[in-house]
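Q: The structure under discussion is supplied below as structure tokens; questions concerning it will follow.
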Amino acid sequence: SQKDTDNNSKLRHLEALICEELIDEGTRSVIDNRRVQAVYQRGMRSAADFFNSNYSKPISLKETALTFGMSPNYFSSCFKKAFGVTPLA
């Protein structure tokens, strides 16, 4: 019947809208993750530069972490993840 055809058409349209919204949300999530990753990588490169610039000075993990606005444990974890070694090793 015409009513069934109209209802099926409306359902297909609704399905398409939902799929489009899910794809858009997924794309935004991927873009956000890439931005976070880029900031993280820049931060770890800055940390490596900091160590290279100050290698002859006595530097504590706490001082270094505070320089980058992190706790010593979090900084150490991020550094090890980025470079495969702990800072000040």
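Identifiers in the structure tokens: chain A, B, ... in order shown; residue index from 1 per chain; ligand index from 1 in order shown.
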Just want the 10 Å neighbourhood of Ser60 (chain A), counted on only C-alpha atoms, with same-chain residues fewer than 6 positions away dropped. Output as a compact mmCIF listing (two decimals) with N, CA, C and O atoms, in the first residue's frame.
A:
```txt
# COMPACT_ATOMS: atom_id res chain seq x y z
N LEU A 66 57.52 19.91 36.37
CA LEU A 66 56.83 21.18 36.64
C LEU A 66 57.02 22.18 35.51
O LEU A 66 56.12 22.96 35.21
N PRO A 72 55.55 14.53 38.26
CA PRO A 72 56.74 13.74 37.90
C PRO A 72 56.39 12.35 37.34
O PRO A 72 57.00 11.91 36.36
N PRO A 87 63.15 9.51 31.63
CA PRO A 87 63.93 10.74 31.65
C PRO A 87 65.01 10.64 32.74
O PRO A 87 64.83 9.95 33.74
N LEU A 88 66.09 11.33 32.51
CA LEU A 88 67.19 11.37 33.46
C LEU A 88 67.82 9.99 33.69
O LEU A 88 68.43 9.75 34.72
```
Q: Which residues come within 9 Å of Ala82 (chain A), counting only C-alpha atoms, excluding same-chain residues fewer than 6 positions away, as a VMD selection string?
A: chain A and resid 41 44 to 45
Q: Store the residues picked out above, limited to N, CA and C atoms, as a compact mmCIF listing (two decimals), in the first residue's frame.
A:
```txt
# COMPACT_ATOMS: atom_id res chain seq x y z
N GLN A 41 53.06 15.05 21.05
CA GLN A 41 54.35 14.90 20.38
C GLN A 41 55.18 16.17 20.47
N MET A 44 56.61 16.40 24.01
CA MET A 44 57.73 15.50 24.26
C MET A 44 58.97 15.95 23.49
N ARG A 45 58.81 16.53 22.31
CA ARG A 45 59.97 17.08 21.59
C ARG A 45 60.55 18.25 22.37
```
Q: Considering only C-alpha atoms, can you say which of A:Asp32, A:Lys10, A:Lys3, A:Gly43 comes closest to Gly69 (chain A)?
A: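 Nearest candidate to Gly69 (chain A) out of A:Asp32, A:Lys10, A:Lys3, A:Gly43: A:Gly43.
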Q: Mind checking DSSP for chain A and telling me the helix (DSSP H, G or I) residues as a CSV table (one decimal) with C-alpha atoms, in the first residue's frame?
A:
```csv
chain,number,residue,atom,x,y,z
A,2,GLN,CA,1.0,3.6,-0.4
A,3,LYS,CA,1.1,4.1,3.4
A,4,ASP,CA,3.6,1.3,3.7
A,5,THR,CA,5.7,2.6,0.9
A,6,ASP,CA,5.7,6.1,2.5
A,7,ASN,CA,6.7,4.6,5.9
A,8,ASN,CA,9.5,2.6,4.4
A,9,SER,CA,10.8,5.7,2.6
A,10,LYS,CA,10.7,7.6,5.8
A,11,LEU,CA,12.6,4.8,7.6
A,12,ARG,CA,15.3,4.7,5.0
A,13,HIS,CA,15.6,8.5,5.2
A,14,LEU,CA,15.9,8.3,9.0
A,15,GLU,CA,18.5,5.5,8.7
A,16,ALA,CA,20.5,7.6,6.3
A,17,LEU,CA,20.4,10.6,8.7
A,18,ILE,CA,21.5,8.4,11.6
A,19,CYS,CA,24.4,6.9,9.6
A,20,GLU,CA,25.5,10.3,8.5
A,21,GLU,CA,25.5,11.6,12.0
A,22,LEU,CA,27.5,8.6,13.3
A,23,ILE,CA,30.0,9.1,10.5
A,24,ASP,CA,30.3,12.8,11.3
A,25,GLU,CA,30.8,12.0,15.0
A,26,GLY,CA,33.4,9.4,14.2
A,27,THR,CA,35.3,11.8,12.0
A,28,ARG,CA,35.3,14.5,14.7
A,29,SER,CA,36.6,12.0,17.2
A,30,VAL,CA,39.5,11.0,14.8
A,31,ILE,CA,40.3,14.6,14.2
A,32,ASP,CA,40.3,15.4,18.0
A,33,ASN,CA,42.5,12.4,18.7
A,34,ARG,CA,45.0,13.6,16.0
A,35,ARG,CA,45.1,17.0,17.6
A,36,VAL,CA,45.8,15.6,21.0
A,37,GLN,CA,48.5,13.4,19.6
A,38,ALA,CA,50.1,16.3,17.8
A,39,VAL,CA,50.2,18.4,21.1
A,40,TYR,CA,51.6,15.4,23.0
A,41,GLN,CA,54.4,14.9,20.4
A,42,ARG,CA,55.3,18.6,20.4
A,43,GLY,CA,55.4,18.5,24.2
A,44,MET,CA,57.7,15.5,24.3
A,45,ARG,CA,60.0,17.1,21.6
A,46,SER,CA,60.1,20.2,23.8
A,47,ALA,CA,61.1,18.0,26.7
A,48,ALA,CA,63.9,16.4,24.7
A,49,ASP,CA,65.1,19.8,23.6
A,50,PHE,CA,65.0,20.9,27.3
A,51,PHE,CA,67.2,18.0,28.3
A,52,ASN,CA,69.6,18.6,25.4
A,53,SER,CA,69.9,22.3,26.3
A,61,LEU,CA,62.6,15.0,37.5
A,62,LYS,CA,60.3,17.1,39.7
A,63,GLU,CA,61.7,20.4,38.3
A,64,THR,CA,61.5,19.1,34.7
A,65,ALA,CA,57.9,17.9,35.1
A,66,LEU,CA,56.8,21.2,36.6
A,67,THR,CA,58.4,23.0,33.7
A,72,PRO,CA,56.7,13.7,37.9
A,73,ASN,CA,55.0,10.3,37.5
A,74,TYR,CA,53.0,11.4,34.5
A,75,PHE,CA,55.9,13.2,32.8
A,76,SER,CA,58.1,10.1,33.3
A,77,SER,CA,55.4,7.9,31.8
A,78,CYS,CA,54.9,10.1,28.8
A,79,PHE,CA,58.6,10.5,28.2
A,80,LYS,CA,59.1,6.7,28.4
A,81,LYS,CA,56.2,6.1,26.0
A,82,ALA,CA,57.6,8.7,23.5
A,83,PHE,CA,61.3,7.7,23.7
```
